[in-house]
>>> print(open('start.cif').read())   # mmCIF, C-alpha atoms
data_data
#
loop_
_atom_site.label_atom_id
_atom_site.label_comp_id
_atom_site.auth_asym_id
_atom_site.auth_seq_id
_atom_site.Cartn_x
_atom_site.Cartn_y
_atom_site.Cartn_z
CA MET A 1123 27.40 27.39 -14.91
CA ALA A 1124 25.73 26.84 -11.56
CA THR A 1125 26.21 23.38 -10.05
CA LYS A 1126 23.08 21.54 -8.93
CA PRO A 1127 22.93 21.08 -5.14
CA ASP A 1128 23.52 17.47 -4.13
CA PRO A 1129 20.15 16.22 -2.83
CA VAL A 1130 21.90 13.62 -0.67
CA GLN A 1131 23.38 14.79 2.67
CA PRO A 1132 25.77 13.12 5.13
CA ALA A 1133 23.98 11.45 8.06
CA ASP A 1134 23.48 13.31 11.33
CA ASP A 1135 22.61 11.72 14.70
CA ALA A 1136 18.86 11.81 14.01
CA ALA A 1137 19.41 10.00 10.69
CA LEU A 1138 21.60 7.37 12.35
CA SER A 1139 18.91 6.72 14.98
CA GLN A 1140 16.27 6.45 12.29
CA ALA A 1141 18.42 4.02 10.26
CA ARG A 1142 19.05 1.81 13.27
CA ALA A 1143 15.37 1.78 14.16
CA LEU A 1144 14.54 0.62 10.61
CA MET A 1145 17.10 -2.18 10.99
CA THR A 1146 14.98 -3.71 13.77
CA LEU A 1147 12.23 -4.56 11.25
CA ARG A 1148 11.50 -8.23 10.61
CA HIS A 1149 11.14 -8.24 6.83
CA ALA A 1150 12.60 -6.43 3.85
CA ALA A 1151 12.52 -6.18 0.07
CA LEU A 1152 15.62 -7.79 -1.46
CA ALA A 1153 16.97 -6.79 -4.89
CA TRP A 1154 19.10 -9.46 -6.55
CA ALA A 1155 20.25 -10.41 -10.06
CA ASP A 1156 18.71 -13.40 -11.84
CA ALA A 1157 21.23 -16.26 -11.93
CA GLU A 1158 20.82 -16.84 -15.67
CA THR A 1159 20.02 -13.43 -17.18
CA GLY A 1160 21.20 -10.90 -14.58
CA HIS A 1161 17.72 -9.27 -14.71
CA PRO A 1162 17.25 -7.16 -11.55
CA SER A 1163 14.72 -9.06 -9.43
CA VAL A 1164 12.93 -8.47 -6.14
CA SER A 1165 11.71 -10.71 -3.32
CA ARG A 1166 10.32 -10.32 0.17
CA ILE A 1167 12.70 -11.75 2.74
CA ALA A 1168 12.73 -12.28 6.47
CA PHE A 1169 15.18 -9.81 8.01
CA GLY A 1170 17.09 -9.77 11.27
CA LEU A 1171 20.46 -8.97 12.76
CA CYS A 1172 23.38 -11.16 13.79
CA PRO A 1173 24.34 -11.02 17.48
CA GLU A 1174 27.12 -8.64 16.31
CA GLY A 1175 24.60 -6.33 14.59
CA GLY A 1176 25.06 -7.14 10.90
CA PRO A 1177 22.06 -7.77 8.59
CA LEU A 1178 20.99 -11.39 8.22
CA THR A 1179 18.32 -13.37 6.41
CA LEU A 1180 17.12 -16.97 6.37
CA ILE A 1181 16.21 -18.30 2.93
CA SER A 1182 15.12 -21.51 1.26
CA ALA A 1183 17.14 -23.03 -1.58
CA LEU A 1184 13.78 -23.28 -3.41
CA ALA A 1185 13.43 -19.47 -3.49
CA PRO A 1186 14.68 -17.99 -6.78
CA HIS A 1187 16.81 -15.42 -4.95
CA SER A 1188 18.81 -18.24 -3.40
CA ALA A 1189 20.22 -19.26 -6.81
CA GLY A 1190 20.56 -15.57 -7.73
CA LEU A 1191 22.67 -14.73 -4.67
CA ARG A 1192 24.85 -17.80 -5.15
CA ALA A 1193 25.59 -16.71 -8.75
CA ASP A 1194 26.09 -12.99 -7.90
CA PRO A 1195 26.32 -12.01 -4.22
CA ARG A 1196 25.62 -8.32 -4.92
CA CYS A 1197 22.23 -7.30 -3.56
CA SER A 1198 20.30 -4.57 -1.75
CA VAL A 1199 17.68 -4.58 0.97
CA MET A 1200 15.00 -1.98 1.61
CA LEU A 1201 13.55 -1.64 5.11
CA GLY A 1202 10.54 0.50 5.98
CA GLU A 1203 6.82 0.20 6.47
CA VAL A 1204 4.30 2.34 4.68
CA GLY A 1205 1.73 3.72 7.08
CA ASP A 1206 -1.97 4.04 6.43
CA LYS A 1207 -1.91 7.79 5.82
CA GLY A 1208 -0.30 10.22 3.41
CA ASP A 1209 1.97 9.76 0.42
CA PRO A 1210 3.88 6.43 0.68
CA LEU A 1211 6.98 8.24 -0.61
CA THR A 1212 7.12 10.37 2.56
CA HIS A 1213 7.50 7.33 4.84
CA PRO A 1214 11.13 6.63 5.87
CA ARG A 1215 13.02 3.73 4.35
CA LEU A 1216 16.59 2.49 4.43
CA MET A 1217 18.30 0.97 1.39
CA ILE A 1218 21.43 -1.07 2.13
CA ARG A 1219 23.80 -2.19 -0.63
CA ALA A 1220 25.33 -5.47 0.43
CA ARG A 1221 27.07 -8.69 -0.52
CA ALA A 1222 25.49 -12.00 0.43
CA THR A 1223 27.55 -14.65 2.25
CA PHE A 1224 25.89 -18.02 2.81
CA VAL A 1225 26.41 -19.66 6.21
CA ALA A 1226 27.02 -23.41 5.82
CA ALA A 1227 24.95 -25.85 7.89
CA ASP A 1228 28.12 -26.95 9.73
CA ASP A 1229 29.50 -23.41 10.22
CA PRO A 1230 30.53 -23.08 13.89
CA ALA A 1231 28.75 -19.66 13.95
CA ARG A 1232 25.36 -21.16 12.97
CA PRO A 1233 24.08 -22.23 16.44
CA ALA A 1234 24.48 -18.65 17.79
CA LEU A 1235 22.79 -17.19 14.68
CA ARG A 1236 19.96 -19.73 15.05
CA ASP A 1237 19.34 -18.91 18.73
CA HIS A 1238 19.44 -15.17 18.09
CA TRP A 1239 17.16 -15.44 15.03
CA LEU A 1240 14.49 -17.38 16.92
CA LYS A 1241 14.22 -14.61 19.53
CA GLY A 1242 13.10 -12.19 16.84
CA HIS A 1243 11.34 -14.70 14.54
CA PRO A 1244 9.75 -17.34 16.80
CA LYS A 1245 7.52 -18.67 13.98
CA ALA A 1246 10.66 -19.62 12.04
CA ALA A 1247 11.00 -22.58 14.45
CA LEU A 1248 8.64 -24.40 12.03
CA TYR A 1249 11.26 -24.47 9.24
CA ILE A 1250 14.60 -23.14 10.52
CA ASP A 1251 16.12 -26.64 10.60
CA PHE A 1252 14.83 -27.82 7.20
CA ALA A 1253 17.78 -28.93 5.06
CA ASP A 1254 16.97 -26.42 2.30
CA PHE A 1255 17.07 -23.36 4.61
CA ALA A 1256 20.26 -21.38 5.13
CA PHE A 1257 21.29 -18.19 6.87
CA VAL A 1258 22.75 -15.56 4.57
CA ARG A 1259 24.73 -12.61 5.91
CA LEU A 1260 24.04 -9.40 3.99
CA VAL A 1261 27.33 -7.58 4.51
CA PRO A 1262 26.75 -3.83 3.98
CA GLU A 1263 28.83 -1.76 1.58
CA SER A 1264 26.90 1.50 1.94
CA ALA A 1265 23.39 2.72 2.65
CA LEU A 1266 20.94 5.44 1.74
CA LEU A 1267 18.31 6.62 4.20
CA ASN A 1268 15.32 8.34 2.69
CA GLY A 1269 13.62 10.09 5.58
CA GLY A 1270 10.80 11.47 3.47
CA PHE A 1271 10.26 13.52 0.33
CA ALA A 1272 13.59 15.15 -0.68
CA ARG A 1273 15.31 14.16 2.59
CA ALA A 1274 18.06 11.65 1.85
CA CYS A 1275 21.31 10.78 3.67
CA ARG A 1276 24.23 8.55 2.80
CA LEU A 1277 25.52 6.18 5.48
CA SER A 1278 28.75 4.21 5.47
CA ALA A 1279 28.87 0.55 6.48
CA ALA A 1280 30.55 1.63 9.75
CA GLU A 1281 27.81 4.17 10.53
CA LEU A 1282 25.19 1.51 9.86
CA GLN A 1283 26.81 -0.89 12.27
CA GLY A 1284 27.15 1.72 15.02
CA PRO A 1285 27.95 1.11 18.70
CA GLY A 1286 24.30 0.53 19.57
CA GLN A 1287 24.05 -2.53 17.37
CA VAL A 1288 26.97 -4.46 18.84
CA ALA A 1289 25.55 -5.14 22.30
CA GLU A 1290 22.46 -7.29 22.65
CA MET B 5 16.86 -40.28 -9.32
CA ALA B 6 13.60 -38.69 -8.21
CA THR B 7 12.89 -35.22 -9.61
CA LYS B 8 12.03 -32.48 -7.15
CA PRO B 9 8.43 -31.24 -7.50
CA ASP B 10 8.29 -27.75 -9.02
CA PRO B 11 7.13 -25.45 -6.19
CA VAL B 12 5.76 -22.95 -8.72
CA GLN B 13 2.33 -23.65 -10.24
CA PRO B 14 0.46 -22.11 -13.21
CA ALA B 15 -2.03 -19.42 -12.20
CA ASP B 16 -5.71 -20.30 -11.62
CA ASP B 17 -8.60 -17.80 -11.50
CA ALA B 18 -8.14 -17.11 -7.79
CA ALA B 19 -4.46 -16.33 -8.39
CA LEU B 20 -5.30 -14.00 -11.29
CA SER B 21 -7.80 -12.11 -9.13
CA GLN B 22 -5.26 -11.81 -6.34
CA ALA B 23 -2.60 -10.52 -8.77
CA ARG B 24 -4.93 -7.90 -10.21
CA ALA B 25 -5.95 -6.75 -6.74
CA LEU B 26 -2.28 -6.27 -5.83
CA MET B 27 -1.83 -4.18 -8.99
CA THR B 28 -4.22 -1.57 -7.59
CA LEU B 29 -1.70 -0.67 -4.85
CA ARG B 30 -0.18 2.83 -4.94
CA HIS B 31 3.45 2.05 -4.16
CA ALA B 32 5.93 -0.72 -4.85
CA ALA B 33 9.52 -1.81 -4.32
CA LEU B 34 11.55 -1.44 -7.52
CA ALA B 35 14.68 -3.51 -8.23
CA TRP B 36 17.08 -1.93 -10.73
CA ALA B 37 20.76 -2.15 -11.68
CA ASP B 38 23.16 0.65 -10.67
CA ALA B 39 24.08 2.69 -13.76
CA GLU B 40 27.83 2.46 -13.10
CA THR B 41 28.39 -0.87 -11.36
CA GLY B 42 25.31 -2.95 -12.18
CA HIS B 43 24.85 -3.62 -8.44
CA PRO B 44 21.23 -4.75 -7.86
CA SER B 45 19.54 -1.87 -6.07
CA VAL B 46 16.12 -1.21 -4.56
CA SER B 47 13.89 1.87 -4.21
CA ARG B 48 10.35 2.64 -3.16
CA ILE B 49 8.35 3.99 -6.06
CA ALA B 50 4.88 5.36 -6.62
CA PHE B 51 2.89 2.77 -8.59
CA GLY B 52 -0.18 3.01 -10.77
CA LEU B 53 -1.66 1.74 -14.00
CA CYS B 54 -1.96 3.32 -17.45
CA PRO B 55 -5.52 3.80 -18.73
CA GLU B 56 -4.84 0.59 -20.74
CA GLY B 57 -3.89 -1.34 -17.59
CA GLY B 58 -0.11 -1.54 -17.82
CA PRO B 59 2.14 -0.75 -14.83
CA LEU B 60 3.37 2.84 -14.59
CA THR B 61 5.48 4.96 -12.27
CA LEU B 62 6.37 8.64 -11.94
CA ILE B 63 10.00 9.33 -10.99
CA SER B 64 12.38 12.23 -10.49
CA ALA B 65 15.59 12.49 -12.49
CA LEU B 66 17.27 13.14 -9.10
CA ALA B 67 16.35 9.63 -7.88
CA PRO B 68 19.23 7.17 -8.39
CA HIS B 69 16.91 4.63 -10.05
CA SER B 70 16.22 7.14 -12.82
CA ALA B 71 19.84 6.95 -14.04
CA GLY B 72 19.82 3.19 -13.42
CA LEU B 73 16.75 2.58 -15.58
CA ARG B 74 18.10 4.80 -18.36
CA ALA B 75 21.34 2.75 -18.43
CA ASP B 76 19.61 -0.68 -18.13
CA PRO B 77 15.81 -0.80 -18.53
CA ARG B 78 15.54 -4.25 -16.93
CA CYS B 79 13.79 -4.04 -13.57
CA SER B 80 11.26 -5.70 -11.28
CA VAL B 81 8.50 -4.41 -9.03
CA MET B 82 7.10 -6.03 -5.91
CA LEU B 83 3.56 -5.18 -4.81
CA GLY B 84 2.04 -6.24 -1.51
CA GLU B 85 1.47 -4.90 1.98
CA VAL B 86 2.55 -6.71 5.10
CA GLY B 87 -0.24 -6.80 7.64
CA ASP B 88 0.17 -6.31 11.37
CA LYS B 89 -0.19 -9.98 12.25
CA GLY B 90 1.59 -13.21 11.57
CA ASP B 91 4.70 -14.07 9.56
CA PRO B 92 5.37 -11.38 6.89
CA LEU B 93 6.30 -14.16 4.47
CA THR B 94 2.72 -15.45 4.49
CA HIS B 95 1.29 -12.15 3.15
CA PRO B 96 0.65 -12.16 -0.63
CA ARG B 97 2.94 -10.28 -2.97
CA LEU B 98 3.34 -9.99 -6.71
CA MET B 99 6.74 -9.68 -8.39
CA ILE B 100 6.68 -8.38 -11.97
CA ARG B 101 9.74 -8.57 -14.22
CA ALA B 102 9.61 -5.61 -16.58
CA ARG B 103 11.43 -3.24 -18.90
CA ALA B 104 11.27 0.49 -18.24
CA THR B 105 10.28 2.88 -21.02
CA PHE B 106 10.50 6.61 -20.27
CA VAL B 107 7.64 8.79 -21.52
CA ALA B 108 9.00 12.08 -22.94
CA ALA B 109 7.51 15.38 -21.73
CA ASP B 110 6.15 16.02 -25.24
CA ASP B 111 4.87 12.47 -25.82
CA PRO B 112 1.29 12.74 -27.12
CA ALA B 113 0.28 10.01 -24.64
CA ARG B 114 1.44 12.03 -21.60
CA PRO B 115 -1.71 14.14 -20.97
CA ALA B 116 -3.88 11.02 -20.67
CA LEU B 117 -1.34 9.35 -18.37
CA ARG B 118 -1.18 12.53 -16.28
CA ASP B 119 -4.97 12.78 -15.87
CA HIS B 120 -5.29 9.09 -15.03
CA TRP B 121 -2.37 9.21 -12.55
CA LEU B 122 -3.84 12.14 -10.63
CA LYS B 123 -7.07 10.21 -10.01
CA GLY B 124 -5.13 7.58 -8.07
CA HIS B 125 -2.37 9.85 -6.70
CA PRO B 126 -3.97 13.24 -6.01
CA LYS B 127 -1.02 14.41 -3.87
CA ALA B 128 1.26 14.07 -6.92
CA ALA B 129 -0.31 17.32 -8.18
CA LEU B 130 2.38 19.05 -6.08
CA TYR B 131 5.22 17.81 -8.32
CA ILE B 132 3.81 16.03 -11.38
CA ASP B 133 4.68 18.95 -13.67
CA PHE B 134 8.20 19.59 -12.33
CA ALA B 135 10.69 19.41 -15.21
CA ASP B 136 12.68 16.61 -13.55
CA PHE B 137 9.68 14.24 -13.18
CA ALA B 138 8.83 11.71 -15.86
CA PHE B 139 6.40 8.85 -16.31
CA VAL B 140 8.02 5.48 -16.86
CA ARG B 141 6.09 2.52 -18.24
CA LEU B 142 7.09 -0.77 -16.62
CA VAL B 143 6.32 -3.18 -19.44
CA PRO B 144 5.85 -6.68 -17.95
CA GLU B 145 7.75 -9.70 -19.23
CA SER B 146 6.49 -12.20 -16.65
CA ALA B 147 5.33 -12.31 -13.06
CA LEU B 148 5.40 -14.46 -9.96
CA LEU B 149 2.61 -14.36 -7.41
CA ASN B 150 3.49 -15.55 -3.96
CA GLY B 151 0.19 -16.11 -2.22
CA GLY B 152 1.78 -17.17 1.06
CA PHE B 153 4.24 -19.70 2.40
CA ALA B 154 5.02 -22.28 -0.33
CA ARG B 155 2.16 -21.06 -2.57
CA ALA B 156 3.60 -19.55 -5.75
CA CYS B 157 2.22 -19.12 -9.29
CA ARG B 158 3.77 -17.97 -12.53
CA LEU B 159 1.82 -15.45 -14.63
CA SER B 160 2.48 -14.39 -18.20
CA ALA B 161 2.43 -10.74 -19.27
CA ALA B 162 -0.93 -11.42 -20.99
CA GLU B 163 -2.45 -12.94 -17.85
CA LEU B 164 -1.27 -9.94 -15.85
CA GLN B 165 -2.92 -7.51 -18.21
CA GLY B 166 -6.21 -9.38 -18.20
CA PRO B 167 -9.58 -8.16 -19.48
CA GLY B 168 -10.44 -6.53 -16.15
CA GLN B 169 -7.60 -4.01 -16.39
CA VAL B 170 -8.50 -2.51 -19.74
CA ALA B 171 -11.69 -0.75 -18.73
CA GLU B 172 -11.57 2.08 -16.23
#
>>> encode(input="start.cif", output="structure tokens")
Amino acid sequence: MATKPDPVQPADDAALSQARALMTLRHAALAWADAETGHPSVSRIAFGLCPEGGPLTLISALAPHSAGLRADPRCSVMLGEVGDKGDPLTHPRLMIRARATFVAADDPARPALRDHWLKGHPKAALYIDFADFAFVRLVPESALLNGGFARACRLSAAELQGPGQVAE
Amino acid sequence: MATKPDPVQPADDAALSQARALMTLRHAALAWADAETGHPSVSRIAFGLCPEGGPLTLISALAPHSAGLRADPRCSVMLGEVGDKGDPLTHPRLMIRARATFVAADDPARPALRDHWLKGHPKAALYIDFADFAFVRLVPESALLNGGFARACRLSAAELQGPGQVAE
């Protein structure tokens, strides 16, 4: 019996560059499990990187995904814009499987996250210090880059981080 | 002890119109559970409506969300474009909690779904009849419309369907 070819390939340098470019986007779709039922749910989130290059978001305790991530930290983010032309499924997007870690208000790392976040999200100055807002690290486990129709690559957490993301 | 005001309001006519406008979009973010681990996952999908107005997608059996939805039909879709200007979190989006129902290749309803789909997604003619592609109904359970920062409404499945969606 012939085996089906695996449609997912390991990442080459072009794929790594594309993945890292997508990680500079400022918003993402977050998949999370409902705190009570486990129903897979989706929200738009603000997206950015820590000074060290790892994915980060800033969320309100009033948002339903906040309770969801506290109950089950497993989540995924999708990064990628759909352009005006052509089939939306041919536009590149990066899906990162991650675990959410909340950063406490008194965490010694918070001031550096806050300063770095405001460089990329200046409008967040309006609410970044509200008591119900918290930073959440989205620690990658693996990723899938879909570079267009039938062009998909797997990326490890280490490949996603990459040397280019460490330096500011 | 004072109770916190509920940030989510029932839907008014303006919210219903906005929700139905978002349902005319051609792609969405789908949240689904991984078939093996249950990890909340996210994919971009093609989105459209059945002739009767219900949410519909067309997916390949090679896509990881196909196996996920067959193992656990619970899912959510998010509809909404982010414009070029301003905070992405102020742009409206609709999140629909749903259950996926696969339409078999020999389902008597398939020809009508196929014809209707091609009107909205003419480029799908390239692959719509491939053996690994299937229509999947995304039957709504409830929805949340986020019309911008701190403006959210709940919608029932009946409100989502609405009289305006039945007619072509």
>>> resolve_selection(input="start.cif", expression="the PyMOL selection byres ((chain B) within 6 of (chain A))", output="PyMOL selection string")
chain B and resi 35-36+43-46+78-80
>>> calpha_fit_and_write(input="start.cif", fixed="chain B", moving="chain A", output="tab-separated table (two decimals) with C-alpha atoms, in the coordinates of the input")
chain	number	residue	atom	x	y	z
A	1123	MET	CA	16.38	-40.54	-9.33
A	1124	ALA	CA	13.19	-38.84	-8.20
A	1125	THR	CA	12.62	-35.36	-9.63
A	1126	LYS	CA	11.85	-32.58	-7.14
A	1127	PRO	CA	8.29	-31.24	-7.51
A	1128	ASP	CA	8.24	-27.76	-9.03
A	1129	PRO	CA	7.13	-25.44	-6.20
A	1130	VAL	CA	5.78	-22.94	-8.72
A	1131	GLN	CA	2.32	-23.64	-10.24
A	1132	PRO	CA	0.47	-22.10	-13.20
A	1133	ALA	CA	-2.03	-19.41	-12.17
A	1134	ASP	CA	-5.68	-20.28	-11.60
A	1135	ASP	CA	-8.58	-17.79	-11.49
A	1136	ALA	CA	-8.12	-17.10	-7.77
A	1137	ALA	CA	-4.43	-16.30	-8.37
A	1138	LEU	CA	-5.27	-13.99	-11.27
A	1139	SER	CA	-7.78	-12.10	-9.10
A	1140	GLN	CA	-5.24	-11.80	-6.32
A	1141	ALA	CA	-2.57	-10.52	-8.75
A	1142	ARG	CA	-4.90	-7.91	-10.19
A	1143	ALA	CA	-5.93	-6.76	-6.73
A	1144	LEU	CA	-2.24	-6.28	-5.82
A	1145	MET	CA	-1.79	-4.20	-8.98
A	1146	THR	CA	-4.20	-1.59	-7.58
A	1147	LEU	CA	-1.68	-0.68	-4.85
A	1148	ARG	CA	-0.18	2.81	-4.93
A	1149	HIS	CA	3.46	2.04	-4.18
A	1150	ALA	CA	5.96	-0.72	-4.85
A	1151	ALA	CA	9.55	-1.80	-4.31
A	1152	LEU	CA	11.58	-1.42	-7.52
A	1153	ALA	CA	14.71	-3.48	-8.22
A	1154	TRP	CA	17.09	-1.89	-10.72
A	1155	ALA	CA	20.77	-2.09	-11.68
A	1156	ASP	CA	23.17	0.70	-10.69
A	1157	ALA	CA	24.09	2.74	-13.78
A	1158	GLU	CA	27.83	2.52	-13.12
A	1159	THR	CA	28.40	-0.83	-11.39
A	1160	GLY	CA	25.31	-2.91	-12.23
A	1161	HIS	CA	24.86	-3.60	-8.47
A	1162	PRO	CA	21.26	-4.74	-7.87
A	1163	SER	CA	19.56	-1.83	-6.09
A	1164	VAL	CA	16.15	-1.18	-4.57
A	1165	SER	CA	13.92	1.88	-4.21
A	1166	ARG	CA	10.38	2.67	-3.15
A	1167	ILE	CA	8.37	4.01	-6.06
A	1168	ALA	CA	4.89	5.36	-6.61
A	1169	PHE	CA	2.90	2.77	-8.57
A	1170	GLY	CA	-0.17	3.01	-10.76
A	1171	LEU	CA	-1.65	1.76	-13.99
A	1172	CYS	CA	-1.96	3.32	-17.43
A	1173	PRO	CA	-5.52	3.80	-18.72
A	1174	GLU	CA	-4.85	0.59	-20.74
A	1175	GLY	CA	-3.88	-1.34	-17.58
A	1176	GLY	CA	-0.09	-1.55	-17.82
A	1177	PRO	CA	2.16	-0.73	-14.81
A	1178	LEU	CA	3.37	2.85	-14.58
A	1179	THR	CA	5.49	4.97	-12.26
A	1180	LEU	CA	6.37	8.64	-11.93
A	1181	ILE	CA	9.98	9.33	-10.99
A	1182	SER	CA	12.35	12.24	-10.50
A	1183	ALA	CA	15.57	12.51	-12.50
A	1184	LEU	CA	17.24	13.16	-9.11
A	1185	ALA	CA	16.35	9.65	-7.88
A	1186	PRO	CA	19.22	7.19	-8.40
A	1187	HIS	CA	16.91	4.66	-10.06
A	1188	SER	CA	16.21	7.17	-12.81
A	1189	ALA	CA	19.83	6.99	-14.04
A	1190	GLY	CA	19.82	3.22	-13.42
A	1191	LEU	CA	16.75	2.61	-15.59
A	1192	ARG	CA	18.08	4.84	-18.36
A	1193	ALA	CA	21.33	2.80	-18.44
A	1194	ASP	CA	19.60	-0.63	-18.15
A	1195	PRO	CA	15.81	-0.76	-18.54
A	1196	ARG	CA	15.53	-4.22	-16.94
A	1197	CYS	CA	13.80	-4.01	-13.57
A	1198	SER	CA	11.28	-5.68	-11.27
A	1199	VAL	CA	8.53	-4.39	-9.03
A	1200	MET	CA	7.13	-6.02	-5.90
A	1201	LEU	CA	3.59	-5.17	-4.80
A	1202	GLY	CA	2.08	-6.23	-1.48
A	1203	GLU	CA	1.50	-4.90	1.99
A	1204	VAL	CA	2.58	-6.69	5.12
A	1205	GLY	CA	-0.21	-6.79	7.66
A	1206	ASP	CA	0.16	-6.32	11.38
A	1207	LYS	CA	-0.18	-10.00	12.26
A	1208	GLY	CA	1.62	-13.24	11.52
A	1209	ASP	CA	4.74	-14.07	9.54
A	1210	PRO	CA	5.41	-11.35	6.90
A	1211	LEU	CA	6.35	-14.13	4.46
A	1212	THR	CA	2.76	-15.44	4.47
A	1213	HIS	CA	1.33	-12.15	3.16
A	1214	PRO	CA	0.68	-12.16	-0.62
A	1215	ARG	CA	2.96	-10.26	-2.96
A	1216	LEU	CA	3.37	-9.97	-6.71
A	1217	MET	CA	6.77	-9.67	-8.39
A	1218	ILE	CA	6.71	-8.36	-11.96
A	1219	ARG	CA	9.77	-8.54	-14.22
A	1220	ALA	CA	9.63	-5.59	-16.57
A	1221	ARG	CA	11.44	-3.22	-18.90
A	1222	ALA	CA	11.27	0.51	-18.24
A	1223	THR	CA	10.27	2.90	-21.04
A	1224	PHE	CA	10.49	6.62	-20.27
A	1225	VAL	CA	7.63	8.81	-21.52
A	1226	ALA	CA	8.97	12.09	-22.93
A	1227	ALA	CA	7.48	15.38	-21.72
A	1228	ASP	CA	6.13	16.05	-25.23
A	1229	ASP	CA	4.84	12.49	-25.80
A	1230	PRO	CA	1.25	12.76	-27.11
A	1231	ALA	CA	0.26	10.01	-24.61
A	1232	ARG	CA	1.42	12.04	-21.57
A	1233	PRO	CA	-1.73	14.16	-20.95
A	1234	ALA	CA	-3.91	11.01	-20.66
A	1235	LEU	CA	-1.35	9.34	-18.35
A	1236	ARG	CA	-1.21	12.53	-16.24
A	1237	ASP	CA	-5.00	12.76	-15.85
A	1238	HIS	CA	-5.31	9.07	-15.01
A	1239	TRP	CA	-2.39	9.19	-12.54
A	1240	LEU	CA	-3.86	12.12	-10.61
A	1241	LYS	CA	-7.09	10.18	-9.99
A	1242	GLY	CA	-5.14	7.57	-8.06
A	1243	HIS	CA	-2.38	9.84	-6.69
A	1244	PRO	CA	-3.98	13.24	-6.00
A	1245	LYS	CA	-1.03	14.40	-3.85
A	1246	ALA	CA	1.24	14.06	-6.90
A	1247	ALA	CA	-0.34	17.31	-8.17
A	1248	LEU	CA	2.34	19.06	-6.05
A	1249	TYR	CA	5.18	17.82	-8.30
A	1250	ILE	CA	3.77	16.03	-11.36
A	1251	ASP	CA	4.64	18.96	-13.65
A	1252	PHE	CA	8.16	19.61	-12.31
A	1253	ALA	CA	10.65	19.42	-15.19
A	1254	ASP	CA	12.65	16.63	-13.53
A	1255	PHE	CA	9.66	14.26	-13.17
A	1256	ALA	CA	8.82	11.72	-15.85
A	1257	PHE	CA	6.39	8.86	-16.30
A	1258	VAL	CA	8.02	5.49	-16.85
A	1259	ARG	CA	6.09	2.53	-18.23
A	1260	LEU	CA	7.11	-0.76	-16.61
A	1261	VAL	CA	6.31	-3.17	-19.43
A	1262	PRO	CA	5.86	-6.67	-17.94
A	1263	GLU	CA	7.76	-9.69	-19.22
A	1264	SER	CA	6.51	-12.19	-16.64
A	1265	ALA	CA	5.35	-12.30	-13.04
A	1266	LEU	CA	5.44	-14.45	-9.94
A	1267	LEU	CA	2.64	-14.34	-7.39
A	1268	ASN	CA	3.53	-15.55	-3.94
A	1269	GLY	CA	0.22	-16.11	-2.20
A	1270	GLY	CA	1.78	-17.18	1.07
A	1271	PHE	CA	4.28	-19.70	2.41
A	1272	ALA	CA	5.01	-22.30	-0.33
A	1273	ARG	CA	2.17	-21.05	-2.57
A	1274	ALA	CA	3.65	-19.55	-5.73
A	1275	CYS	CA	2.26	-19.12	-9.27
A	1276	ARG	CA	3.79	-17.96	-12.52
A	1277	LEU	CA	1.85	-15.43	-14.60
A	1278	SER	CA	2.51	-14.39	-18.18
A	1279	ALA	CA	2.45	-10.75	-19.25
A	1280	ALA	CA	-0.90	-11.43	-20.97
A	1281	GLU	CA	-2.42	-12.96	-17.82
A	1282	LEU	CA	-1.23	-9.95	-15.83
A	1283	GLN	CA	-2.89	-7.55	-18.21
A	1284	GLY	CA	-6.18	-9.45	-18.23
A	1285	PRO	CA	-9.55	-8.23	-19.54
A	1286	GLY	CA	-10.42	-6.57	-16.24
A	1287	GLN	CA	-7.54	-4.14	-16.47
A	1288	VAL	CA	-8.35	-2.72	-19.89
A	1289	ALA	CA	-11.59	-0.93	-19.05
A	1290	GLU	CA	-11.54	1.95	-16.60
>>> resolve_selection(input="start.cif", expression="the PyMOL selection byres ((chain B and resi 117) around 12)", output="PyMOL selection string")
chain B and resi 52-62+107-109+111-116+118-125+132+138-141
>>> resolve_selection(input="start.cif", expression="the PyMOL selection byres ((chain A and resi 1138) around 12)", output="PyMOL selection string")
chain A and resi 1132-1137+1139-1145+1216+1265-1269+1274-1287
>>> write_last_selection(input="start.cif", atoms="C-alpha atoms", output="CSV table (one decimal), in the coordinates of the input")
chain,number,residue,atom,x,y,z
A,1132,PRO,CA,25.8,13.1,5.1
A,1133,ALA,CA,24.0,11.4,8.1
A,1134,ASP,CA,23.5,13.3,11.3
A,1135,ASP,CA,22.6,11.7,14.7
A,1136,ALA,CA,18.9,11.8,14.0
A,1137,ALA,CA,19.4,10.0,10.7
A,1139,SER,CA,18.9,6.7,15.0
A,1140,GLN,CA,16.3,6.4,12.3
A,1141,ALA,CA,18.4,4.0,10.3
A,1142,ARG,CA,19.0,1.8,13.3
A,1143,ALA,CA,15.4,1.8,14.2
A,1144,LEU,CA,14.5,0.6,10.6
A,1145,MET,CA,17.1,-2.2,11.0
A,1216,LEU,CA,16.6,2.5,4.4
A,1265,ALA,CA,23.4,2.7,2.6
A,1266,LEU,CA,20.9,5.4,1.7
A,1267,LEU,CA,18.3,6.6,4.2
A,1268,ASN,CA,15.3,8.3,2.7
A,1269,GLY,CA,13.6,10.1,5.6
A,1274,ALA,CA,18.1,11.6,1.8
A,1275,CYS,CA,21.3,10.8,3.7
A,1276,ARG,CA,24.2,8.6,2.8
A,1277,LEU,CA,25.5,6.2,5.5
A,1278,SER,CA,28.8,4.2,5.5
A,1279,ALA,CA,28.9,0.6,6.5
A,1280,ALA,CA,30.6,1.6,9.8
A,1281,GLU,CA,27.8,4.2,10.5
A,1282,LEU,CA,25.2,1.5,9.9
A,1283,GLN,CA,26.8,-0.9,12.3
A,1284,GLY,CA,27.2,1.7,15.0
A,1285,PRO,CA,28.0,1.1,18.7
A,1286,GLY,CA,24.3,0.5,19.6
A,1287,GLN,CA,24.0,-2.5,17.4
>>> closest_residue(input="start.cif", among="B:Ile63, B:Ala129, B:Ala39, B:Ala71", to="Leu142 of chain B", atoms="all atoms listed in the file")
B:Ile63
